[in-house]
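For reference, entry-v7.pdb is printed below; it contains PDB, C-alpha atoms, pLDDT in the B column.
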MODEL        1
ATOM      1  CA  SER A 116      57.904  35.851 121.452  1.00 75.00           C
ATOM      2  CA  ILE A 117      55.225  37.504 123.515  1.00 78.00           C
ATOM      3  CA  VAL A 118      53.137  40.627 123.172  1.00 83.00           C
ATOM      4  CA  PHE A 119      52.514  42.255 126.527  1.00 83.00           C
ATOM      5  CA  ILE A 120      50.349  45.368 126.691  1.00 85.00           C
ATOM      6  CA  THR A 121      50.776  47.675 129.676  1.00 85.00           C
ATOM      7  CA  HIS A 122      50.858  51.304 130.704  1.00 83.00           C
ATOM      8  CA  ALA A 123      53.517  50.490 133.295  1.00 85.00           C
ATOM      9  CA  PHE A 124      56.796  51.278 131.566  1.00 83.00           C
ATOM     10  CA  ASP A 125      58.798  50.110 134.614  1.00 82.00           C
ATOM     11  CA  GLU A 126      57.215  46.681 134.219  1.00 85.00           C
ATOM     12  CA  ALA A 127      57.794  46.613 130.463  1.00 86.00           C
ATOM     13  CA  ILE A 128      61.513  47.335 130.771  1.00 83.00           C
ATOM     14  CA  ARG A 129      61.950  44.427 133.178  1.00 80.00           C
ATOM     15  CA  LEU A 130      60.317  42.009 130.730  1.00 85.00           C
ATOM     16  CA  ALA A 131      61.136  43.182 127.230  1.00 88.00           C
ATOM     17  CA  ASP A 132      64.058  43.211 124.843  1.00 89.00           C
ATOM     18  CA  ARG A 133      62.105  45.571 122.568  1.00 92.00           C
ATOM     19  CA  ILE A 134      59.290  47.960 123.395  1.00 93.00           C
ATOM     20  CA  ALA A 135      56.807  49.804 121.215  1.00 94.00           C
ATOM     21  CA  ILE A 136      55.387  53.012 122.623  1.00 93.00           C
ATOM     22  CA  MET A 137      52.116  54.012 121.012  1.00 93.00           C
ATOM     23  CA  LYS A 138      50.030  57.167 121.011  1.00 93.00           C
ATOM     24  CA  ASP A 139      46.565  57.366 119.463  1.00 94.00           C
ATOM     25  CA  GLY A 140      47.027  53.986 117.754  1.00 92.00           C
ATOM     26  CA  ALA A 141      50.337  54.908 116.093  1.00 95.00           C
ATOM     27  CA  VAL A 142      53.797  53.691 117.085  1.00 96.00           C
ATOM     28  CA  GLU A 143      55.892  56.567 118.386  1.00 96.00           C
ATOM     29  CA  GLN A 144      59.022  54.451 118.908  1.00 96.00           C
ATOM     30  CA  CYS A 145      59.877  50.761 118.744  1.00 96.00           C
ATOM     31  CA  ASP A 146      63.308  50.047 120.159  1.00 95.00           C
ATOM     32  CA  THR A 147      65.308  48.606 123.039  1.00 93.00           C
ATOM     33  CA  PRO A 148      64.502  49.954 126.506  1.00 92.00           C
ATOM     34  CA  GLU A 149      67.937  51.608 126.627  1.00 91.00           C
ATOM     35  CA  ARG A 150      67.525  53.463 123.358  1.00 93.00           C
ATOM     36  CA  ILE A 151      64.010  54.545 124.287  1.00 94.00           C
ATOM     37  CA  VAL A 152      65.167  56.213 127.515  1.00 93.00           C
ATOM     38  CA  MET A 153      68.492  57.496 126.143  1.00 92.00           C
ATOM     39  CA  GLN A 154      67.330  58.590 122.689  1.00 94.00           C
ATOM     40  CA  PRO A 155      63.571  59.170 122.685  1.00 96.00           C
ATOM     41  CA  ALA A 156      62.300  59.531 119.117  1.00 97.00           C
ATOM     42  CA  THR A 157      59.557  62.033 119.953  1.00 97.00           C
ATOM     43  CA  GLU A 158      58.609  64.516 122.626  1.00 97.00           C
ATOM     44  CA  TYR A 159      55.792  62.146 123.657  1.00 96.00           C
ATOM     45  CA  VAL A 160      58.279  59.331 124.310  1.00 95.00           C
ATOM     46  CA  ALA A 161      60.564  61.724 126.194  1.00 95.00           C
ATOM     47  CA  ARG A 162      57.690  62.765 128.480  1.00 93.00           C
ATOM     48  CA  PHE A 163      56.539  59.148 128.882  1.00 90.00           C
ATOM     49  CA  THR A 164      59.989  58.063 130.075  1.00 90.00           C
ATOM     50  CA  ALA A 165      60.998  61.243 131.937  1.00 90.00           C
ATOM     51  CA  ASP A 166      60.631  59.754 135.418  1.00 89.00           C
ATOM     52  CA  ILE A 167      62.385  56.459 134.680  1.00 90.00           C
ATOM     53  CA  ASP A 168      65.551  55.722 136.660  1.00 91.00           C
ATOM     54  CA  ARG A 169      67.907  55.364 133.700  1.00 92.00           C
ATOM     55  CA  SER A 170      70.543  53.650 135.841  1.00 93.00           C
ATOM     56  CA  ARG A 171      68.196  50.656 136.184  1.00 92.00           C
ATOM     57  CA  VAL A 172      67.640  50.464 132.410  1.00 92.00           C
ATOM     58  CA  VAL A 173      70.975  51.279 130.792  1.00 94.00           C
ATOM     59  CA  ARG A 174      73.472  48.425 130.667  1.00 94.00           C
ATOM     60  CA  ALA A 175      77.222  48.885 130.458  1.00 96.00           C
ATOM     61  CA  ALA A 176      77.297  47.404 126.939  1.00 94.00           C
ATOM     62  CA  ALA A 177      75.076  50.231 125.688  1.00 93.00           C
ATOM     63  CA  LEU A 178      77.731  52.768 126.716  1.00 93.00           C
ATOM     64  CA  ALA A 179      80.743  50.739 125.548  1.00 92.00           C
ATOM     65  CA  ARG A 180      82.532  52.253 122.572  1.00 89.00           C
ATOM     66  CA  PRO A 181      84.565  49.897 120.403  1.00 86.00           C
ATOM     67  CA  VAL A 182      88.301  50.326 120.653  1.00 78.00           C
ATOM     68  CA  ASP A 183      91.137  49.528 118.334  1.00 67.00           C
ATOM     69  CA  GLY A 184      94.089  48.241 120.295  1.00 55.00           C
ATOM     70  CA  HIS A 185      94.591  48.945 123.968  1.00 52.00           C
ATOM     71  CA  ALA A 186      94.229  52.690 124.347  1.00 48.00           C
ATOM     72  CA  VAL A 187      91.620  55.390 123.860  1.00 51.00           C
ATOM     73  CA  GLU A 188      92.717  59.006 123.767  1.00 53.00           C
ATOM     74  CA  GLY A 189      95.944  58.053 125.517  1.00 51.00           C
ATOM     75  CA  HIS A 190      94.260  56.167 128.377  1.00 54.00           C
ATOM     76  CA  ALA A 191      95.486  52.636 128.911  1.00 56.00           C
ATOM     77  CA  VAL A 192      92.914  49.873 129.134  1.00 62.00           C
ATOM     78  CA  GLY A 193      93.394  47.782 132.213  1.00 68.00           C
ATOM     79  CA  GLY A 194      91.974  46.804 135.511  1.00 75.00           C
ATOM     80  CA  HIS A 195      88.841  44.903 136.364  1.00 82.00           C
ATOM     81  CA  PRO A 196      86.261  44.881 133.532  1.00 89.00           C
ATOM     82  CA  ILE A 197      82.520  45.434 133.882  1.00 93.00           C
ATOM     83  CA  ALA A 198      80.068  42.861 132.515  1.00 95.00           C
ATOM     84  CA  GLY A 199      78.187  44.286 129.557  1.00 95.00           C
ATOM     85  CA  THR A 200      74.916  42.887 130.905  1.00 94.00           C
ATOM     86  CA  ALA A 201      75.186  44.820 134.188  1.00 95.00           C
ATOM     87  CA  THR A 202      72.968  47.846 134.634  1.00 95.00           C
ATOM     88  CA  LEU A 203      74.623  51.028 135.796  1.00 96.00           C
ATOM     89  CA  HIS A 204      72.650  50.695 139.021  1.00 95.00           C
ATOM     90  CA  GLU A 205      74.281  47.298 139.619  1.00 95.00           C
ATOM     91  CA  VAL A 206      77.809  48.663 139.127  1.00 95.00           C
ATOM     92  CA  ALA A 207      77.240  52.120 140.629  1.00 95.00           C
ATOM     93  CA  ARG A 208      79.712  51.715 143.510  1.00 94.00           C
ATOM     94  CA  LEU A 209      82.402  50.484 141.128  1.00 92.00           C
ATOM     95  CA  VAL A 210      81.867  53.368 138.699  1.00 93.00           C
ATOM     96  CA  VAL A 211      81.791  56.000 141.453  1.00 93.00           C
ATOM     97  CA  GLY A 212      84.862  54.605 143.214  1.00 92.00           C
ATOM     98  CA  ASP A 213      86.966  53.891 140.132  1.00 90.00           C
ATOM     99  CA  ARG A 214      89.178  56.761 138.991  1.00 89.00           C
ATOM    100  CA  ARG A 215      89.855  55.501 135.459  1.00 88.00           C
ATOM    101  CA  ASP A 216      88.393  57.708 132.722  1.00 90.00           C
ATOM    102  CA  TYR A 217      87.432  54.612 130.717  1.00 91.00           C
ATOM    103  CA  LEU A 218      86.283  51.270 132.080  1.00 93.00           C
ATOM    104  CA  PRO A 219      86.597  48.081 130.015  1.00 92.00           C
ATOM    105  CA  VAL A 220      83.309  46.313 129.298  1.00 93.00           C
ATOM    106  CA  THR A 221      83.178  42.610 128.437  1.00 91.00           C
ATOM    107  CA  GLY A 222      80.591  40.358 126.842  1.00 91.00           C
ATOM    108  CA  ALA A 223      79.282  37.055 128.176  1.00 90.00           C
ATOM    109  CA  ASP A 224      82.210  35.311 126.491  1.00 91.00           C
ATOM    110  CA  GLY A 225      84.725  37.444 128.411  1.00 86.00           C
ATOM    111  CA  GLN A 226      85.865  39.270 125.282  1.00 87.00           C
ATOM    112  CA  MET A 227      86.153  43.039 125.443  1.00 86.00           C
ATOM    113  CA  LEU A 228      83.193  44.853 123.884  1.00 89.00           C
ATOM    114  CA  GLY A 229      84.735  48.270 124.306  1.00 90.00           C
ATOM    115  CA  LEU A 230      85.278  51.051 126.791  1.00 92.00           C
ATOM    116  CA  MET A 231      82.674  52.915 128.789  1.00 93.00           C
ATOM    117  CA  ALA A 232      83.437  56.550 129.560  1.00 93.00           C
ATOM    118  CA  ARG A 233      83.171  56.915 133.324  1.00 94.00           C
ATOM    119  CA  ALA A 234      81.890  60.498 132.980  1.00 94.00           C
ATOM    120  CA  GLU A 235      79.004  59.340 130.770  1.00 94.00           C
ATOM    121  CA  ALA A 236      78.055  56.636 133.275  1.00 95.00           C
ATOM    122  CA  LEU A 237      78.246  59.139 136.151  1.00 95.00           C
ATOM    123  CA  ASP A 238      75.945  61.526 134.271  1.00 94.00           C
ATOM    124  CA  ILE A 239      73.323  58.773 134.128  1.00 94.00           C
ATOM    125  CA  LEU A 240      73.832  57.776 137.746  1.00 94.00           C
ATOM    126  CA  LEU A 241      74.029  61.248 139.281  1.00 91.00           C
ATOM    127  CA  GLY A 242      72.734  63.636 136.616  1.00 85.00           C
ATOM    128  CA  PRO A 243      74.804  65.889 134.394  1.00 79.00           C
ATOM    129  CA  VAL A 244      77.263  68.298 135.978  1.00 76.00           C
ATOM    130  CA  ALA A 245      75.604  71.700 136.253  1.00 71.00           C
TER     131      ALA A 245
ENDMDL
END

Can you dump the structure from the file as structure tokens?
Amino acid sequence: SIVFITHAFDEAIRLADRIAIMKDGAVEQCDTPERIVMQPATEYVARFTADIDRSRVVRAAALARPVDGHAVEGHAVGGHPIAGTATLHEVARLVVGDRRDYLPVTGADGQMLGLMARAEALDILLGPVA
């Protein structure tokens, strides 16, 4: 374990599994980098992380939803899976070019973690549809 104090959030997300964001000596949020940028606990945290490129923080596993069996909402699971440890930035071309509504996401052991909704990944990569 290491405690690393910085004001550079970009640097912190490259180094940390968990981050504590403080304001005036109080912890605003202590969580994973993904949860901090996707679900900020306070307005302060939201402003602090507003300019972060979420595609470089959010990993496929964070968007994977567990499935029961081989289909979600009538969509068959198949095709090349995405590694759960990959950031959306790393798999951007695959996500943009793939036409499946749901992409399988696997863990380090090769087992399926769940399905990632392509639309949700595209919203992070390109911004929500206006």

Report task. Kindly indicate which residue among A:Asp125, A:Glu235, A:Asp166, A:Glu143 lies nearest to Leu218 of chain A, using all atoms listed in the file for the distances. Result ->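 Looking at the shortest contact to Leu218 of chain A, the residue is A:Glu235.
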
What residues come out when you apply the PyMOL selection byres ((chain A and resi 191-207) around 10) to this file, written as a PDB file with C-alpha atoms, keeping the file's coordinate frame?
ATOM      1  CA  ASP A 168      65.551  55.722 136.660  1.00 91.00           C
ATOM      2  CA  ARG A 169      67.907  55.364 133.700  1.00 92.00           C
ATOM      3  CA  SER A 170      70.543  53.650 135.841  1.00 93.00           C
ATOM      4  CA  ARG A 171      68.196  50.656 136.184  1.00 92.00           C
ATOM      5  CA  VAL A 172      67.640  50.464 132.410  1.00 92.00           C
ATOM      6  CA  VAL A 173      70.975  51.279 130.792  1.00 94.00           C
ATOM      7  CA  ARG A 174      73.472  48.425 130.667  1.00 94.00           C
ATOM      8  CA  ALA A 175      77.222  48.885 130.458  1.00 96.00           C
ATOM      9  CA  ALA A 176      77.297  47.404 126.939  1.00 94.00           C
ATOM     10  CA  ALA A 177      75.076  50.231 125.688  1.00 93.00           C
ATOM     11  CA  LEU A 178      77.731  52.768 126.716  1.00 93.00           C
ATOM     12  CA  ALA A 179      80.743  50.739 125.548  1.00 92.00           C
ATOM     13  CA  VAL A 182      88.301  50.326 120.653  1.00 78.00           C
ATOM     14  CA  GLY A 184      94.089  48.241 120.295  1.00 55.00           C
ATOM     15  CA  HIS A 185      94.591  48.945 123.968  1.00 52.00           C
ATOM     16  CA  ALA A 186      94.229  52.690 124.347  1.00 48.00           C
ATOM     17  CA  VAL A 187      91.620  55.390 123.860  1.00 51.00           C
ATOM     18  CA  GLU A 188      92.717  59.006 123.767  1.00 53.00           C
ATOM     19  CA  GLY A 189      95.944  58.053 125.517  1.00 51.00           C
ATOM     20  CA  HIS A 190      94.260  56.167 128.377  1.00 54.00           C
ATOM     21  CA  ARG A 208      79.712  51.715 143.510  1.00 94.00           C
ATOM     22  CA  LEU A 209      82.402  50.484 141.128  1.00 92.00           C
ATOM     23  CA  VAL A 210      81.867  53.368 138.699  1.00 93.00           C
ATOM     24  CA  VAL A 211      81.791  56.000 141.453  1.00 93.00           C
ATOM     25  CA  GLY A 212      84.862  54.605 143.214  1.00 92.00           C
ATOM     26  CA  ASP A 213      86.966  53.891 140.132  1.00 90.00           C
ATOM     27  CA  ARG A 215      89.855  55.501 135.459  1.00 88.00           C
ATOM     28  CA  ASP A 216      88.393  57.708 132.722  1.00 90.00           C
ATOM     29  CA  TYR A 217      87.432  54.612 130.717  1.00 91.00           C
ATOM     30  CA  LEU A 218      86.283  51.270 132.080  1.00 93.00           C
ATOM     31  CA  PRO A 219      86.597  48.081 130.015  1.00 92.00           C
ATOM     32  CA  VAL A 220      83.309  46.313 129.298  1.00 93.00           C
ATOM     33  CA  THR A 221      83.178  42.610 128.437  1.00 91.00           C
ATOM     34  CA  GLY A 222      80.591  40.358 126.842  1.00 91.00           C
ATOM     35  CA  ALA A 223      79.282  37.055 128.176  1.00 90.00           C
ATOM     36  CA  ASP A 224      82.210  35.311 126.491  1.00 91.00           C
ATOM     37  CA  GLY A 225      84.725  37.444 128.411  1.00 86.00           C
ATOM     38  CA  GLN A 226      85.865  39.270 125.282  1.00 87.00           C
ATOM     39  CA  MET A 227      86.153  43.039 125.443  1.00 86.00           C
ATOM     40  CA  LEU A 228      83.193  44.853 123.884  1.00 89.00           C
ATOM     41  CA  GLY A 229      84.735  48.270 124.306  1.00 90.00           C
ATOM     42  CA  LEU A 230      85.278  51.051 126.791  1.00 92.00           C
ATOM     43  CA  MET A 231      82.674  52.915 128.789  1.00 93.00           C
ATOM     44  CA  ALA A 236      78.055  56.636 133.275  1.00 95.00           C
ATOM     45  CA  LEU A 237      78.246  59.139 136.151  1.00 95.00           C
ATOM     46  CA  ILE A 239      73.323  58.773 134.128  1.00 94.00           C
ATOM     47  CA  LEU A 240      73.832  57.776 137.746  1.00 94.00           C
ATOM     48  CA  LEU A 241      74.029  61.248 139.281  1.00 91.00           C
TER      49      LEU A 241
END

Selection result of the PyMOL selection byres ((chain A and resi 146-161) around 6) on this file, as a ChimeraX atom specification:
/A:128,132-134,145,162-165,172-173

re atom CA of Ile136 of chain A and atom CA of Asp238 of chain A: distance 25.1 Å

So what do you get for atom CA of His122 of chain A versus atom CA of Gly242 of chain A, distance-wise?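 Pair atom CA of His122 of chain A / atom CA of Gly242 of chain A returns 25.8 Å.
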
Atom CA of Ala141 of chain A to atom CA of Ile167 of chain A, distance in Å rounded to a single decimal: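 Between these atoms lies a distance of 22.2 Å.
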
Around all listed atoms of segment 238-243 of chain A, padded 8 Å per side, what centre and edge lengths does the axis-aligned box have in Å to one decimal, as lines of an AutoDock Vina configuration file?
center_x = 74.3
center_y = 61.8
center_z = 136.7
size_x = 19.2
size_y = 24.1
size_z = 21.2

Reconstruct N, CA, C and O atoms of segment 120-138 of chain A; output as an mmCIF file, keeping the file's coordinate frame.
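Final file, rebuild_11.cif:
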data_model
loop_
_atom_site.group_PDB
_atom_site.id
_atom_site.type_symbol
_atom_site.label_atom_id
_atom_site.label_comp_id
_atom_site.auth_asym_id
_atom_site.auth_seq_id
_atom_site.Cartn_x
_atom_site.Cartn_y
_atom_site.Cartn_z
ATOM 1 N N ILE A 120 50.858 44.006 126.766
ATOM 2 C CA ILE A 120 50.349 45.368 126.691
ATOM 3 C C ILE A 120 50.201 45.911 128.114
ATOM 4 O O ILE A 120 49.545 45.299 128.956
ATOM 5 N N THR A 121 50.822 47.070 128.350
ATOM 6 C CA THR A 121 50.776 47.675 129.676
ATOM 7 C C THR A 121 50.990 49.175 129.566
ATOM 8 O O THR A 121 51.554 49.665 128.584
ATOM 9 N N HIS A 122 50.547 49.886 130.576
ATOM 10 C CA HIS A 122 50.858 51.304 130.704
ATOM 11 C C HIS A 122 52.007 51.513 131.684
ATOM 12 O O HIS A 122 52.473 52.621 131.877
ATOM 13 N N ALA A 123 52.445 50.430 132.299
ATOM 14 C CA ALA A 123 53.517 50.490 133.295
ATOM 15 C C ALA A 123 54.866 50.277 132.617
ATOM 16 O O ALA A 123 55.306 49.148 132.403
ATOM 17 N N PHE A 124 55.526 51.370 132.275
ATOM 18 C CA PHE A 124 56.796 51.278 131.566
ATOM 19 C C PHE A 124 57.845 50.561 132.408
ATOM 20 O O PHE A 124 58.650 49.791 131.887
ATOM 21 N N ASP A 125 57.845 50.800 133.728
ATOM 22 C CA ASP A 125 58.798 50.110 134.614
ATOM 23 C C ASP A 125 58.674 48.597 134.478
ATOM 24 O O ASP A 125 59.670 47.877 134.470
ATOM 25 N N GLU A 126 57.452 48.117 134.378
ATOM 26 C CA GLU A 126 57.215 46.681 134.219
ATOM 27 C C GLU A 126 57.685 46.203 132.853
ATOM 28 O O GLU A 126 58.320 45.155 132.726
ATOM 29 N N ALA A 127 57.405 46.982 131.828
ATOM 30 C CA ALA A 127 57.794 46.613 130.463
ATOM 31 C C ALA A 127 59.308 46.483 130.323
ATOM 32 O O ALA A 127 59.791 45.542 129.690
ATOM 33 N N ILE A 128 60.058 47.398 130.932
ATOM 34 C CA ILE A 128 61.513 47.335 130.771
ATOM 35 C C ILE A 128 62.123 46.147 131.484
ATOM 36 O O ILE A 128 63.203 45.694 131.120
ATOM 37 N N ARG A 129 61.447 45.624 132.497
ATOM 38 C CA ARG A 129 61.950 44.427 133.178
ATOM 39 C C ARG A 129 61.710 43.173 132.347
ATOM 40 O O ARG A 129 62.415 42.186 132.481
ATOM 41 N N LEU A 130 60.705 43.198 131.475
ATOM 42 C CA LEU A 130 60.317 42.009 130.730
ATOM 43 C C LEU A 130 60.796 41.975 129.282
ATOM 44 O O LEU A 130 60.944 40.901 128.713
ATOM 45 N N ALA A 131 60.995 43.124 128.684
ATOM 46 C CA ALA A 131 61.136 43.182 127.230
ATOM 47 C C ALA A 131 62.550 43.454 126.743
ATOM 48 O O ALA A 131 63.314 44.175 127.374
ATOM 49 N N ASP A 132 62.840 42.873 125.583
ATOM 50 C CA ASP A 132 64.058 43.211 124.843
ATOM 51 C C ASP A 132 63.793 44.390 123.922
ATOM 52 O O ASP A 132 64.687 45.155 123.595
ATOM 53 N N ARG A 133 62.543 44.475 123.447
ATOM 54 C CA ARG A 133 62.105 45.571 122.568
ATOM 55 C C ARG A 133 60.744 46.040 123.048
ATOM 56 O O ARG A 133 59.928 45.240 123.473
ATOM 57 N N ILE A 134 60.531 47.344 122.943
ATOM 58 C CA ILE A 134 59.290 47.960 123.395
ATOM 59 C C ILE A 134 58.769 48.881 122.310
ATOM 60 O O ILE A 134 59.549 49.597 121.673
ATOM 61 N N ALA A 135 57.462 48.848 122.120
ATOM 62 C CA ALA A 135 56.807 49.804 121.215
ATOM 63 C C ALA A 135 55.963 50.730 122.074
ATOM 64 O O ALA A 135 55.131 50.276 122.848
ATOM 65 N N ILE A 136 56.196 52.016 121.929
ATOM 66 C CA ILE A 136 55.387 53.012 122.623
ATOM 67 C C ILE A 136 54.441 53.605 121.598
ATOM 68 O O ILE A 136 54.867 54.085 120.546
ATOM 69 N N MET A 137 53.145 53.552 121.946
ATOM 70 C CA MET A 137 52.116 54.012 121.012
ATOM 71 C C MET A 137 51.372 55.216 121.583
ATOM 72 O O MET A 137 51.251 55.372 122.788
ATOM 73 N N LYS A 138 50.878 56.029 120.660
ATOM 74 C CA LYS A 138 50.030 57.167 121.011
ATOM 75 C C LYS A 138 48.941 57.259 119.945
ATOM 76 O O LYS A 138 49.255 57.300 118.743
#
